[in-house]
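Colleague: mmCIF, C-alpha atoms, file start-v4.cif:
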```cif
data_start
#
loop_
_atom_site.group_PDB
_atom_site.id
_atom_site.type_symbol
_atom_site.label_atom_id
_atom_site.label_comp_id
_atom_site.auth_asym_id
_atom_site.auth_seq_id
_atom_site.Cartn_x
_atom_site.Cartn_y
_atom_site.Cartn_z
ATOM 1 C CA MET T 1 -2.344 18.674 16.425
ATOM 2 C CA THR T 2 -3.367 15.735 14.258
ATOM 3 C CA SER T 3 -1.229 12.613 14.186
ATOM 4 C CA THR T 4 -0.295 10.973 10.890
ATOM 5 C CA SER T 5 -2.198 7.871 11.940
ATOM 6 C CA GLU T 6 -5.437 9.776 11.245
ATOM 7 C CA HIS T 7 -4.505 10.429 7.612
ATOM 8 C CA ALA T 8 -4.483 8.208 4.568
ATOM 9 C CA VAL T 9 -1.185 6.413 4.062
ATOM 10 C CA THR T 10 0.298 5.354 0.731
ATOM 11 C CA VAL T 11 3.056 2.772 0.511
ATOM 12 C CA LEU T 12 5.230 2.356 -2.578
ATOM 13 C CA ILE T 13 6.992 -1.020 -2.753
ATOM 14 C CA SER T 14 9.592 -1.536 -5.473
ATOM 15 C CA ARG T 15 10.876 -5.000 -6.431
ATOM 16 C CA GLN T 16 13.315 -6.397 -8.970
ATOM 17 C CA VAL T 17 11.847 -9.461 -10.694
ATOM 18 C CA LYS T 18 14.013 -12.298 -11.998
ATOM 19 C CA SER T 19 14.180 -12.479 -15.777
ATOM 20 C CA GLY T 20 11.560 -14.854 -17.165
ATOM 21 C CA CYS T 21 9.507 -14.785 -13.945
ATOM 22 C CA GLU T 22 7.446 -11.691 -14.727
ATOM 23 C CA ALA T 23 4.151 -13.514 -15.407
ATOM 24 C CA GLU T 24 4.382 -15.553 -12.198
ATOM 25 C CA PHE T 25 5.279 -12.473 -10.162
ATOM 26 C CA GLU T 26 2.352 -10.509 -11.616
ATOM 27 C CA ARG T 27 -0.047 -13.390 -10.900
ATOM 28 C CA VAL T 28 1.046 -13.565 -7.257
ATOM 29 C CA MET T 29 0.953 -9.773 -6.856
ATOM 30 C CA ASN T 30 -2.575 -9.636 -8.287
ATOM 31 C CA GLN T 31 -3.610 -12.275 -5.738
ATOM 32 C CA ILE T 32 -1.972 -10.299 -2.911
ATOM 33 C CA MET T 33 -3.704 -7.088 -4.024
ATOM 34 C CA ALA T 34 -7.053 -8.918 -4.163
ATOM 35 C CA VAL T 35 -6.571 -10.140 -0.580
ATOM 36 C CA THR T 36 -5.523 -6.636 0.492
ATOM 37 C CA GLU T 37 -8.949 -5.366 -0.620
ATOM 38 C CA THR T 38 -10.567 -7.418 2.157
ATOM 39 C CA PHE T 39 -8.713 -5.543 4.915
ATOM 40 C CA LYS T 40 -10.300 -2.702 6.857
ATOM 41 C CA GLY T 41 -9.299 0.731 5.592
ATOM 42 C CA HIS T 42 -8.018 -0.448 2.204
ATOM 43 C CA LEU T 43 -8.349 2.415 -0.303
ATOM 44 C CA GLY T 44 -6.700 0.924 -3.355
ATOM 45 C CA ALA T 45 -3.789 -0.916 -4.898
ATOM 46 C CA GLN T 46 -2.003 -0.694 -8.210
ATOM 47 C CA MET T 47 0.889 -2.456 -9.897
ATOM 48 C CA ILE T 48 3.145 -0.424 -12.180
ATOM 49 C CA ARG T 49 5.200 -2.596 -14.488
ATOM 50 C CA PRO T 50 8.590 -1.619 -15.892
ATOM 51 C CA GLY T 51 7.908 0.536 -18.936
ATOM 52 C CA ASP T 52 4.338 1.481 -17.897
ATOM 53 C CA GLU T 53 5.364 5.070 -17.246
ATOM 54 C CA GLN T 54 6.479 6.909 -20.344
ATOM 55 C CA GLY T 55 9.918 8.424 -19.942
ATOM 56 C CA VAL T 56 10.755 6.348 -16.848
ATOM 57 C CA TYR T 57 13.337 3.697 -17.561
ATOM 58 C CA ASP T 58 13.802 1.343 -14.681
ATOM 59 C CA SER T 59 13.546 -2.404 -14.357
ATOM 60 C CA LEU T 60 11.566 -2.375 -11.113
ATOM 61 C CA TYR T 61 7.979 -3.314 -10.482
ATOM 62 C CA HIS T 62 6.220 -0.809 -8.227
ATOM 63 C CA ILE T 63 3.242 -1.725 -6.066
ATOM 64 C CA VAL T 64 1.218 1.154 -4.622
ATOM 65 C CA LEU T 65 -1.034 0.401 -1.640
ATOM 66 C CA ALA T 66 -3.241 2.934 0.113
ATOM 67 C CA PHE T 67 -4.984 2.660 3.470
ATOM 68 C CA ASP T 68 -7.147 5.165 5.299
ATOM 69 C CA SER T 69 -4.850 5.193 8.350
ATOM 70 C CA GLU T 70 -1.498 3.975 9.557
ATOM 71 C CA PRO T 71 -3.025 1.574 12.122
ATOM 72 C CA ASN T 72 -5.037 -0.159 9.368
ATOM 73 C CA LEU T 73 -1.904 -0.368 7.212
ATOM 74 C CA LYS T 74 -0.029 -1.950 10.147
ATOM 75 C CA VAL T 75 -2.759 -4.597 10.518
ATOM 76 C CA TRP T 76 -2.204 -5.543 6.858
ATOM 77 C CA GLN T 77 1.594 -5.437 7.191
ATOM 78 C CA ASN T 78 1.511 -7.746 10.222
ATOM 79 C CA SER T 79 -1.079 -10.138 8.808
ATOM 80 C CA PRO T 80 -0.498 -13.823 8.016
ATOM 81 C CA ALA T 81 -2.108 -13.182 4.607
ATOM 82 C CA ARG T 82 0.637 -10.708 3.691
ATOM 83 C CA SER T 83 3.349 -13.078 4.962
ATOM 84 C CA LEU T 84 1.948 -15.920 2.842
ATOM 85 C CA GLY T 85 1.788 -13.653 -0.203
ATOM 86 C CA LEU T 86 5.378 -12.522 0.241
ATOM 87 C CA ALA T 87 6.498 -16.139 0.608
ATOM 88 C CA ALA T 88 4.688 -17.015 -2.639
ATOM 89 C CA ALA T 89 6.388 -14.098 -4.443
ATOM 90 C CA ALA T 90 9.873 -14.795 -3.054
ATOM 91 C CA PRO T 91 10.981 -17.282 -5.766
ATOM 92 C CA PHE T 92 10.359 -14.664 -8.471
ATOM 93 C CA ILE T 93 12.199 -11.677 -7.002
ATOM 94 C CA LYS T 94 15.791 -10.733 -6.390
ATOM 95 C CA GLY T 95 17.307 -8.245 -3.995
ATOM 96 C CA GLN T 96 15.682 -6.390 -1.142
ATOM 97 C CA GLU T 97 12.381 -4.586 -1.380
ATOM 98 C CA LEU T 98 12.434 -0.813 -1.363
ATOM 99 C CA VAL T 99 9.546 0.662 0.638
ATOM 100 C CA ARG T 100 8.493 4.311 0.852
ATOM 101 C CA GLN T 101 5.552 5.410 2.991
ATOM 102 C CA VAL T 102 3.790 8.750 2.551
ATOM 103 C CA SER T 103 0.834 10.119 4.508
ATOM 104 C CA GLY T 104 -2.060 11.948 2.905
ATOM 105 C CA LEU T 105 -1.538 13.515 -0.507
ATOM 106 C CA GLY T 106 2.208 13.780 0.079
ATOM 107 C CA LEU T 107 2.975 11.222 -2.644
ATOM 108 C CA TRP T 108 1.997 13.803 -5.264
ATOM 109 C CA PHE T 109 4.502 16.264 -3.802
ATOM 110 C CA GLN T 110 7.476 13.999 -3.056
ATOM 111 C CA PRO T 111 10.729 15.461 -4.356
ATOM 112 C CA PRO T 112 12.757 13.163 -6.609
ATOM 113 C CA THR T 113 14.904 10.568 -4.844
ATOM 114 C CA GLY T 114 18.179 12.059 -3.680
ATOM 115 C CA THR T 115 16.854 15.637 -3.686
ATOM 116 C CA LYS T 116 17.418 17.481 -0.437
ATOM 117 C CA LEU T 117 14.245 19.554 -0.242
ATOM 118 C CA ILE T 118 12.190 20.300 2.822
ATOM 119 C CA PRO T 119 8.658 18.949 2.237
ATOM 120 C CA PRO T 120 6.142 21.748 1.628
ATOM 121 C CA PRO T 121 3.737 22.710 4.425
ATOM 122 C CA ARG T 122 0.356 20.981 4.303
ATOM 123 C CA TRP T 123 -1.503 24.213 3.523
ATOM 124 C CA LYS T 124 0.563 24.667 0.346
ATOM 125 C CA VAL T 125 -0.085 21.041 -0.642
ATOM 126 C CA ALA T 126 -3.818 21.648 -0.056
ATOM 127 C CA VAL T 127 -3.829 24.794 -2.234
ATOM 128 C CA VAL T 128 -2.012 23.132 -5.138
ATOM 129 C CA THR T 129 -4.149 19.999 -4.796
ATOM 130 C CA TRP T 130 -7.313 22.107 -5.018
ATOM 131 C CA LEU T 131 -5.874 23.960 -8.031
ATOM 132 C CA GLY T 132 -5.545 20.571 -9.722
ATOM 133 C CA ILE T 133 -8.722 18.859 -8.594
ATOM 134 C CA PHE T 134 -11.213 21.693 -9.173
ATOM 135 C CA PRO T 135 -10.518 22.230 -12.892
ATOM 136 C CA THR T 136 -10.063 18.494 -13.474
ATOM 137 C CA VAL T 137 -13.450 17.663 -11.961
ATOM 138 C CA TYR T 138 -15.108 20.600 -13.744
ATOM 139 C CA LEU T 139 -13.648 19.575 -17.101
ATOM 140 C CA LEU T 140 -14.687 15.932 -16.644
ATOM 141 C CA PHE T 141 -18.244 16.957 -15.691
ATOM 142 C CA PHE T 142 -18.381 19.311 -18.677
ATOM 143 C CA VAL T 143 -17.040 16.760 -21.169
ATOM 144 C CA LEU T 144 -18.631 13.570 -19.816
ATOM 145 C CA GLY T 145 -21.720 14.845 -17.967
ATOM 146 C CA ASP T 146 -24.272 14.174 -20.720
ATOM 147 C CA LEU T 147 -22.650 10.884 -21.692
ATOM 148 C CA LEU T 148 -22.730 9.570 -18.117
ATOM 149 C CA ALA T 149 -26.143 11.036 -17.181
ATOM 150 C CA PRO T 150 -28.105 7.802 -17.909
ATOM 151 C CA LEU T 151 -25.901 5.795 -15.517
ATOM 152 C CA PRO T 152 -26.738 5.409 -11.805
ATOM 153 C CA GLN T 153 -25.173 8.100 -9.636
ATOM 154 C CA LEU T 154 -22.846 5.673 -7.823
ATOM 155 C CA ILE T 155 -21.437 4.360 -11.129
ATOM 156 C CA ARG T 156 -20.944 7.941 -12.427
ATOM 157 C CA LEU T 157 -19.188 8.895 -9.206
ATOM 158 C CA MET T 158 -16.923 5.833 -9.266
ATOM 159 C CA PHE T 159 -16.015 6.413 -12.923
ATOM 160 C CA LEU T 160 -15.306 10.126 -12.431
ATOM 161 C CA THR T 161 -13.219 9.604 -9.288
ATOM 162 C CA VAL T 162 -11.095 6.960 -11.031
ATOM 163 C CA LEU T 163 -10.470 9.450 -13.842
ATOM 164 C CA VAL T 164 -9.685 12.279 -11.400
ATOM 165 C CA VAL T 165 -7.218 10.164 -9.411
ATOM 166 C CA GLY T 166 -5.512 8.916 -12.580
ATOM 167 C CA LEU T 167 -5.276 12.382 -14.115
ATOM 168 C CA MET T 168 -4.065 13.912 -10.857
ATOM 169 C CA THR T 169 -1.447 11.222 -10.297
ATOM 170 C CA TRP T 170 0.060 11.035 -13.777
ATOM 171 C CA VAL T 171 -0.802 14.328 -15.486
ATOM 172 C CA VAL T 172 -2.031 17.233 -13.377
ATOM 173 C CA ALA T 173 -0.130 16.934 -10.065
ATOM 174 C CA PRO T 174 3.295 16.407 -11.694
ATOM 175 C CA GLN T 175 2.726 19.485 -13.889
ATOM 176 C CA LEU T 176 1.496 21.599 -10.981
ATOM 177 C CA THR T 177 4.381 20.442 -8.820
ATOM 178 C CA ARG T 178 6.835 21.575 -11.507
ATOM 179 C CA LEU T 179 4.992 24.860 -12.025
ATOM 180 C CA PHE T 180 4.723 25.680 -8.313
ATOM 181 C CA LYS T 181 8.046 24.141 -7.241
ATOM 182 C CA PRO T 182 9.683 27.477 -6.281
ATOM 183 C CA TRP T 183 6.686 28.320 -4.073
ATOM 184 C CA LEU T 184 6.115 24.808 -2.666
ATOM 185 C CA TYR T 185 9.755 24.311 -1.695
ATOM 186 C CA SER T 186 10.618 27.922 -0.837
ATOM 187 C CA ALA T 187 11.518 26.897 2.740
ATOM 188 C CA SER T 188 14.385 24.802 1.323
ATOM 189 C CA LYS T 189 16.168 27.969 0.181
ATOM 190 C CA GLU T 190 16.021 29.731 3.531
#
```
Kindly return the structure encoded in the file as structure tokens.

Modeller:
Amino acid sequence: MTSTSEHAVTVLISRQVKSGCEAEFERVMNQIMAVTETFKGHLGAQMIRPGDEQGVYDSLYHIVLAFDSEPNLKVWQNSPARSLGLAAAAPFIKGQELVRQVSGLGLWFQPPTGTKLIPPPRWKVAVVTWLGIFPTVYLLFFVLGDLLAPLPQLIRLMFLTVLVVGLMTWVVAPQLTRLFKPWLYSASKE
């Protein structure tokens, strides 16, 4: 059996920012995310501002951090660099931070907060993930292949993977999760 420490880990941190302090908070968070990139196992970071997601009305900033393993995430979480960053952000925030940690691709298949569903088995997550990634990659290659052909392979790959991750996170995976919800969460009904 594989432990979760061998899988990618995504952390979602939600913070309430004091009114009028948004620019300062964003500046500090961008600095923290830049420092995070220097840590072993860092896979990516993104800041989602209030109002960035259409149809989602909350006043929280959300910071998404991904690491290749839980041990590498723990190194970042226990680092002096993170502590200094949090101290720099403290004057601009109010309330406690809300932190959710998900291993692997589980973030795409998290039930809404407050929902009492049993998480789907990994094999079902893998099937639905493939059903999203395969046509997304195929479509992007079909539409953008000739346009990107003159670029070096590494640049093409980076560009296409950014598009795939963005489309999967905000378009494809949410739709597939809704479509396959009865099958994904069938264990919750038993």

Colleague: Quick one: apply the PyMOL selection byres ((chain T and resi 81-88) around 9) to the file and drop the selected residues here as a PyMOL selection string.

Modeller: chain T and resi 25+28-29+31-32+35-36+76-80+89-92

Colleague: Pick out the closest residue to Arg27 (chain T) from this set: T:Val165, T:Met47, T:Leu160, T:Val172. Count all atoms listed in the file.

Modeller: T:Met47

Colleague: Given the PyMOL selection byres ((chain T and resi 97) around 8) and the file above, list the residues it selects as a list in words.

Modeller: Ile13, Ser14, Arg15, Gln16, Gly95, Gln96, Leu98 and Val99 of chain T

Colleague: Write to file, as a PDB file, in the frame of the given file, the residues of the selection just made, with C-alpha atoms.

Modeller:
```pdb
ATOM      1  CA  ILE T  13       6.992  -1.020  -2.753  1.00  0.00           C
ATOM      2  CA  SER T  14       9.592  -1.536  -5.473  1.00  0.00           C
ATOM      3  CA  ARG T  15      10.876  -5.000  -6.431  1.00  0.00           C
ATOM      4  CA  GLN T  16      13.315  -6.397  -8.970  1.00  0.00           C
ATOM      5  CA  GLY T  95      17.307  -8.245  -3.995  1.00  0.00           C
ATOM      6  CA  GLN T  96      15.682  -6.390  -1.142  1.00  0.00           C
ATOM      7  CA  LEU T  98      12.434  -0.813  -1.363  1.00  0.00           C
ATOM      8  CA  VAL T  99       9.546   0.662   0.638  1.00  0.00           C
TER       9      VAL T  99
END
```

Colleague: From the options T:Val128, T:Leu140, T:Ile133, T:Leu148, which residue's atoms come nearest to Leu176 (chain T), counting all atoms listed in the file?

Modeller: T:Val128

Colleague: Looking at only C-alpha atoms, which of T:Thr136, T:Gln153, T:Ser19, T:Asn30 is the one that sits closest to Lys94 (chain T)?

Modeller: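 Ranking T:Thr136, T:Gln153, T:Ser19, T:Asn30 by distance to Lys94 (chain T), first place goes to T:Ser19.
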
Colleague: Near Leu131 (chain T), within 12 Å and counting all atoms listed in the file, which residues show up once chain neighbours fewer than 5 positions away are dropped, as an MDAnalysis selection string?

Modeller: chainID T and resid 124:126 136:138 168 172:173 175:177 179:180

Colleague: With 4 Å added on each side, what axis-aligned box encloses every listed atom of region 123-127 of chain T? Give the centre and edge lengths in Å to one decimal, as JSON.

Modeller:
```
{"center_x": -1.6, "center_y": 22.9, "center_z": 0.6, "size_x": 12.4, "size_y": 11.8, "size_z": 13.8}
```

Colleague: Output requested as a tab-separated table (two decimals), keeping the file's coordinate frame - region 173-184 of chain T, filled out with all heavy atoms.

Modeller:
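Listed below is the output, part-v4.tsv:
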```
chain	number	residue	atom	x	y	z
T	173	ALA	N	-0.99	16.67	-11.22
T	173	ALA	CA	-0.13	16.93	-10.06
T	173	ALA	C	1.34	17.06	-10.44
T	173	ALA	O	2.01	17.98	-9.97
T	173	ALA	CB	-0.33	15.89	-8.98
T	174	PRO	N	1.89	16.20	-11.31
T	174	PRO	CA	3.30	16.41	-11.69
T	174	PRO	C	3.53	17.76	-12.38
T	174	PRO	O	4.54	18.42	-12.13
T	174	PRO	CB	3.58	15.25	-12.66
T	174	PRO	CG	2.61	14.18	-12.26
T	174	PRO	CD	1.37	14.91	-11.83
T	175	GLN	N	2.58	18.19	-13.22
T	175	GLN	CA	2.73	19.48	-13.89
T	175	GLN	C	2.63	20.63	-12.88
T	175	GLN	O	3.42	21.58	-12.93
T	175	GLN	CB	1.66	19.65	-14.99
T	175	GLN	CG	1.79	18.67	-16.13
T	175	GLN	CD	3.12	18.77	-16.85
T	175	GLN	OE1	3.65	19.86	-17.04
T	175	GLN	NE2	3.68	17.65	-17.24
T	176	LEU	N	1.65	20.55	-11.99
T	176	LEU	CA	1.50	21.60	-10.98
T	176	LEU	C	2.69	21.64	-10.04
T	176	LEU	O	3.11	22.72	-9.62
T	176	LEU	CB	0.19	21.40	-10.19
T	176	LEU	CG	-1.09	21.71	-10.94
T	176	LEU	CD1	-2.30	21.36	-10.09
T	176	LEU	CD2	-1.15	23.17	-11.36
T	177	THR	N	3.21	20.48	-9.69
T	177	THR	CA	4.38	20.44	-8.82
T	177	THR	C	5.57	21.13	-9.48
T	177	THR	O	6.29	21.89	-8.84
T	177	THR	CB	4.74	18.99	-8.45
T	177	THR	OG1	3.61	18.38	-7.83
T	177	THR	CG2	5.91	18.93	-7.49
T	178	ARG	N	5.76	20.89	-10.78
T	178	ARG	CA	6.84	21.58	-11.51
T	178	ARG	C	6.58	23.08	-11.58
T	178	ARG	O	7.48	23.88	-11.33
T	178	ARG	CB	6.98	21.01	-12.92
T	178	ARG	CG	7.82	19.76	-13.00
T	178	ARG	CD	8.18	19.40	-14.43
T	178	ARG	NE	7.12	18.72	-15.13
T	178	ARG	CZ	6.81	17.44	-14.99
T	178	ARG	NH1	7.48	16.71	-14.12
T	178	ARG	NH2	5.83	16.89	-15.66
T	179	LEU	N	5.35	23.45	-11.89
T	179	LEU	CA	4.99	24.86	-12.02
T	179	LEU	C	5.15	25.62	-10.71
T	179	LEU	O	5.68	26.73	-10.68
T	179	LEU	CB	3.55	24.98	-12.53
T	179	LEU	CG	3.00	26.38	-12.72
T	179	LEU	CD1	3.75	27.10	-13.85
T	179	LEU	CD2	1.51	26.32	-13.05
T	180	PHE	N	4.70	25.01	-9.61
T	180	PHE	CA	4.72	25.68	-8.31
T	180	PHE	C	5.92	25.30	-7.46
T	180	PHE	O	5.98	25.65	-6.28
T	180	PHE	CB	3.42	25.38	-7.55
T	180	PHE	CG	2.23	26.09	-8.10
T	180	PHE	CD1	1.34	25.44	-8.94
T	180	PHE	CD2	2.00	27.43	-7.79
T	180	PHE	CE1	0.24	26.09	-9.45
T	180	PHE	CE2	0.90	28.10	-8.30
T	180	PHE	CZ	0.02	27.43	-9.14
T	181	LYS	N	6.90	24.61	-8.02
T	181	LYS	CA	8.05	24.14	-7.24
T	181	LYS	C	8.74	25.26	-6.45
T	181	LYS	O	9.02	25.08	-5.26
T	181	LYS	CB	9.06	23.43	-8.15
T	181	LYS	CG	10.24	22.86	-7.40
T	181	LYS	CD	11.18	22.12	-8.32
T	181	LYS	CE	12.37	21.58	-7.55
T	181	LYS	NZ	13.29	20.86	-8.41
T	182	PRO	N	9.02	26.42	-7.07
T	182	PRO	CA	9.68	27.48	-6.28
T	182	PRO	C	8.87	27.90	-5.05
T	182	PRO	O	9.42	28.19	-3.99
T	182	PRO	CB	9.81	28.64	-7.26
T	182	PRO	CG	9.75	28.00	-8.62
T	182	PRO	CD	8.84	26.82	-8.47
T	183	TRP	N	7.55	27.92	-5.19
T	183	TRP	CA	6.69	28.32	-4.07
T	183	TRP	C	6.53	27.18	-3.07
T	183	TRP	O	6.62	27.40	-1.86
T	183	TRP	CB	5.32	28.75	-4.62
T	183	TRP	CG	4.36	29.17	-3.56
T	183	TRP	CD1	4.44	30.28	-2.75
T	183	TRP	CD2	3.16	28.49	-3.19
T	183	TRP	NE1	3.35	30.32	-1.92
T	183	TRP	CE2	2.55	29.23	-2.17
T	183	TRP	CE3	2.54	27.33	-3.65
T	183	TRP	CZ2	1.36	28.85	-1.57
T	183	TRP	CZ3	1.34	26.96	-3.06
T	183	TRP	CH2	0.77	27.71	-2.03
T	184	LEU	N	6.31	25.95	-3.56
T	184	LEU	CA	6.12	24.81	-2.67
T	184	LEU	C	7.34	24.56	-1.79
T	184	LEU	O	7.24	24.27	-0.61
T	184	LEU	CB	5.82	23.53	-3.48
T	184	LEU	CG	4.41	23.37	-4.03
T	184	LEU	CD1	4.37	22.24	-5.04
T	184	LEU	CD2	3.43	23.11	-2.91
```
